[in-house]
file target-v5.cif (mmCIF, C-alpha atoms)
data_data
#
loop_
_atom_site.label_atom_id
_atom_site.label_comp_id
_atom_site.auth_asym_id
_atom_site.auth_seq_id
_atom_site.Cartn_x
_atom_site.Cartn_y
_atom_site.Cartn_z
CA MET A 1 38.38 35.60 -19.35
CA PRO A 2 41.99 36.86 -19.33
CA ASP A 3 44.66 35.18 -21.40
CA VAL A 4 46.42 32.23 -19.77
CA ILE A 5 49.66 33.28 -18.12
CA ARG A 6 52.48 30.86 -18.90
CA PRO A 7 55.80 30.48 -17.09
CA PRO A 8 58.98 31.34 -19.00
CA ARG A 9 60.26 28.34 -20.97
CA ALA A 10 63.14 26.35 -19.50
CA GLN A 11 63.03 28.49 -16.38
CA PHE A 12 60.22 26.70 -14.56
CA LEU A 13 62.39 25.82 -11.53
CA ARG A 14 63.07 29.43 -10.56
CA ASN A 15 61.65 30.55 -7.21
CA ASP A 16 59.38 33.18 -8.76
CA VAL A 17 57.88 30.59 -11.11
CA ILE A 18 57.44 28.05 -8.29
CA ARG A 19 55.79 30.75 -6.15
CA GLY A 20 53.60 31.61 -9.13
CA GLY A 21 52.57 27.95 -9.31
CA MET A 22 51.70 28.02 -5.62
CA ASP A 23 49.71 31.19 -6.23
CA LEU A 24 47.82 29.41 -9.00
CA LEU A 25 47.09 26.42 -6.78
CA LEU A 26 45.79 28.53 -3.91
CA PHE A 27 43.74 30.95 -6.04
CA ALA A 28 42.24 28.09 -8.08
CA HIS A 29 41.38 26.13 -4.92
CA LYS A 30 39.64 29.14 -3.36
CA SER A 31 37.77 30.00 -6.55
CA HIS A 32 36.80 26.40 -7.37
CA LEU A 33 35.26 25.81 -3.94
CA ASN A 34 33.65 29.25 -3.57
CA HIS A 35 30.12 28.20 -4.59
CA SER A 36 30.22 25.11 -2.39
CA ASP A 37 31.50 27.17 0.54
CA LYS A 38 28.54 29.55 0.19
CA GLU A 39 26.01 26.70 -0.03
CA LEU A 40 27.54 24.99 3.00
CA ALA A 41 27.65 28.23 4.99
CA LYS A 42 23.89 28.62 4.54
CA LEU A 43 23.57 25.28 6.34
CA GLY A 44 26.13 26.12 9.02
CA LEU A 45 28.60 23.65 7.50
CA GLY A 46 32.12 24.08 6.17
CA ARG A 47 34.82 22.46 4.04
CA ALA A 48 35.53 19.72 6.57
CA HIS A 49 31.90 18.62 6.32
CA HIS A 50 32.11 18.82 2.52
CA ARG A 51 35.23 16.65 2.40
CA CYS A 52 33.49 13.98 4.50
CA LEU A 53 30.40 14.06 2.30
CA TYR A 54 32.55 13.88 -0.83
CA PHE A 55 34.61 10.85 0.23
CA VAL A 56 31.63 8.95 1.65
CA ALA A 57 29.73 9.62 -1.59
CA ARG A 58 32.69 8.27 -3.58
CA GLN A 59 32.93 5.15 -1.43
CA PRO A 60 29.74 4.10 0.38
CA ASP A 61 30.40 2.01 3.50
CA LEU A 62 33.73 3.72 4.01
CA SER A 63 34.94 2.98 7.51
CA VAL A 64 35.68 5.76 9.96
CA ALA A 65 39.29 4.52 10.08
CA GLN A 66 39.58 4.77 6.28
CA LEU A 67 38.09 8.26 6.31
CA LEU A 68 40.54 9.30 9.03
CA ALA A 69 43.42 8.09 6.86
CA LEU A 70 42.10 9.86 3.75
CA LEU A 71 41.56 13.17 5.51
CA GLY A 72 44.67 13.06 7.67
CA VAL A 73 42.91 14.66 10.63
CA THR A 74 42.69 13.68 14.28
CA LYS A 75 39.96 11.39 15.59
CA GLN A 76 38.70 14.29 17.67
CA SER A 77 38.38 16.61 14.64
CA LEU A 78 36.65 13.97 12.56
CA GLY A 79 34.38 13.12 15.50
CA ARG A 80 33.17 16.72 15.72
CA VAL A 81 32.47 16.90 11.98
CA LEU A 82 30.83 13.47 11.77
CA SER A 83 28.62 14.12 14.79
CA VAL A 84 27.13 17.16 13.04
CA LEU A 85 26.59 15.22 9.79
CA VAL A 86 25.01 12.27 11.62
CA GLU A 87 22.89 14.57 13.81
CA ARG A 88 21.54 16.29 10.68
CA ASP A 89 20.92 12.91 9.02
CA LEU A 90 23.32 13.61 6.16
CA ILE A 91 25.51 10.60 6.99
CA ARG A 92 24.41 7.33 8.52
CA GLN A 93 26.61 4.95 10.47
CA ARG A 94 26.29 1.23 10.94
CA GLN A 95 28.36 -1.51 12.49
CA GLY A 96 30.67 -3.54 10.31
CA ASP A 97 29.45 -6.96 9.19
CA LYS A 98 32.55 -8.83 10.36
CA ASP A 99 33.81 -6.46 13.05
CA ARG A 100 31.10 -4.91 15.19
CA ARG A 101 33.58 -2.28 16.45
CA GLN A 102 33.94 -0.96 12.92
CA ARG A 103 31.71 1.96 11.94
CA LEU A 104 30.75 2.15 8.27
CA LEU A 105 29.55 5.41 6.77
CA ARG A 106 27.02 6.01 4.04
CA LEU A 107 25.17 9.11 2.87
CA SER A 108 21.50 9.38 3.75
CA PRO A 109 19.12 10.44 0.97
CA ALA A 110 19.42 14.04 2.23
CA GLY A 111 23.21 13.70 2.29
CA GLU A 112 23.21 12.33 -1.26
CA ALA A 113 21.06 15.24 -2.46
CA LEU A 114 23.35 17.81 -0.80
CA GLU A 115 26.55 16.20 -2.08
CA GLN A 116 25.14 15.96 -5.61
CA ARG A 117 24.12 19.66 -5.54
CA LEU A 118 27.61 20.63 -4.40
CA PHE A 119 29.28 18.34 -6.94
CA ALA A 120 27.17 19.64 -9.85
CA ASP A 121 28.82 23.06 -9.64
CA LEU A 122 32.29 21.56 -9.13
CA ARG A 123 31.74 19.22 -12.08
CA GLU A 124 30.65 22.11 -14.29
CA ASN A 125 33.73 24.12 -13.32
CA MET A 126 36.12 21.17 -13.83
CA SER A 127 34.48 20.31 -17.18
CA ARG A 128 34.79 23.91 -18.34
CA ALA A 129 38.45 24.05 -17.31
CA TYR A 130 39.21 20.64 -18.88
CA ALA A 131 37.51 21.60 -22.16
CA ALA A 132 39.27 24.98 -22.30
CA SER A 133 42.65 23.40 -21.54
CA GLY A 134 42.53 20.36 -23.80
CA GLU A 135 43.42 16.72 -23.28
CA GLU A 136 47.21 17.22 -23.15
CA ALA A 137 46.89 19.83 -20.41
CA VAL A 138 44.47 17.64 -18.43
CA LEU A 139 46.93 14.74 -18.61
CA GLY A 140 49.65 17.14 -17.46
CA TYR A 141 47.43 18.30 -14.60
CA TRP A 142 46.81 14.73 -13.43
CA THR A 143 50.54 14.03 -13.64
CA MET A 144 51.54 17.18 -11.80
CA MET A 145 48.95 16.79 -9.05
CA GLN A 146 50.15 13.24 -8.37
CA ASN A 147 53.76 14.44 -8.34
CA LEU A 148 52.83 17.04 -5.72
CA MET A 149 51.71 14.21 -3.43
CA SER A 150 53.93 12.43 -0.96
CA ALA A 151 54.57 8.74 -1.66
CA GLU A 152 52.02 7.89 1.03
CA ALA A 153 49.38 10.16 -0.53
CA GLN A 154 50.10 8.70 -3.98
CA GLN A 155 49.49 5.22 -2.56
CA GLN A 156 46.26 6.36 -0.89
CA PHE A 157 45.12 7.92 -4.16
CA ALA A 158 45.94 4.76 -6.14
CA THR A 159 44.14 2.56 -3.60
CA PHE A 160 41.15 4.90 -3.41
CA HIS A 161 40.92 5.06 -7.20
CA ALA A 162 41.18 1.27 -7.52
CA ILE A 163 38.26 0.86 -5.11
CA SER A 164 36.02 3.72 -6.17
CA GLY A 165 37.18 4.02 -9.79
CA PRO A 166 37.58 7.31 -11.64
CA GLY A 167 33.85 8.03 -11.39
CA GLY A 168 33.32 6.44 -7.99
CA ALA A 169 29.90 5.65 -6.64
CA ASN A 170 28.39 8.81 -8.07
#

call {"tool": "encode", "arguments": {"input": "target-v5.cif", "output": "structure tokens"}}
result
Amino acid sequence: MPDVIRPPRAQFLRNDVIRGGMDLLLFAHKSHLNHSDKELAKLGLGRAHHRCLYFVARQPDLSVAQLLALLGVTKQSLGRVLSVLVERDLIRQRQGDKDRRQRLLRLSPAGEALEQRLFADLRENMSRAYAASGEEAVLGYWTMMQNLMSAEAQQQFATFHAISGPGGAN
């Protein structure tokens, strides 16, 4: 593995360093999700399906409205993705206990197995990166990622984490 490239000290607000940070974010995102993308492609699924599986795994009985808010997509987009996942029996829907109009989502056993297979590779990659970087860098990563979020996204993250906890349902 190549040496870690570090930005120049006290010059981290320069455009070239900020663009370099964006480059890092985009290259890391692509590389981190590469294995999952390949697994999903074999099934005719994509990242949108993966994101749904991930959030429903983290919070069983997540409502469609909550998932819409987390993903920030249109009802129509989510409807297309969910219909495929429901049709393939990866996600199951049921009516809410108090509000029958509410649709609650939960992974089926097949959905759980797929999400766990996908997460295993992501977990291994995150663990490797965390271990190679050290605790101080991981704390910095968590801080920086939250500071990249809008105030609304920070609130969603805090609420989601309070409900699902750091480890979530899985």

call {"tool": "closest_residue", "arguments": {"input": "target-v5.cif", "among": "A:Lys98, A:Arg14, A:Arg106, A:Arg128", "to": "A:Tyr54", "atoms": "only C-alpha atoms"}}
result
A:Arg106

call {"tool": "residues_around", "arguments": {"input": "target-v5.cif", "residues": "A:Gln156", "least_positions_apart": "3", "cutoff": "12 Å", "atoms": "only C-alpha atoms", "output": "ChimeraX atom specification"}}
result
/A:66-72,146,149-153,159-164

call {"tool": "atom_distance", "arguments": {"input": "target-v5.cif", "atom1": "atom CA of A:Ala120", "atom2": "atom CA of A:Asp37"}}
result
13.5 Å

call {"tool": "atom_distance", "arguments": {"input": "target-v5.cif", "atom1": "atom CA of A:Arg92", "atom2": "atom CA of A:Gly111"}}
result
9.0 Å

call {"tool": "residues_around", "arguments": {"input": "target-v5.cif", "residues": "A:Leu114", "least_positions_apart": "3", "cutoff": "12 Å", "atoms": "all atoms listed in the file", "output": "JSON, numbers by chain"}}
result
{"A": [36, 39, 40, 43, 45, 49, 50, 53, 54, 57, 85, 88, 89, 90, 91, 107, 108, 109, 110, 111, 117, 118, 119, 120, 121]}

call {"tool": "atom_distance", "arguments": {"input": "target-v5.cif", "atom1": "atom CA of A:Lys38", "atom2": "atom CA of A:Cys52"}}
result
16.9 Å
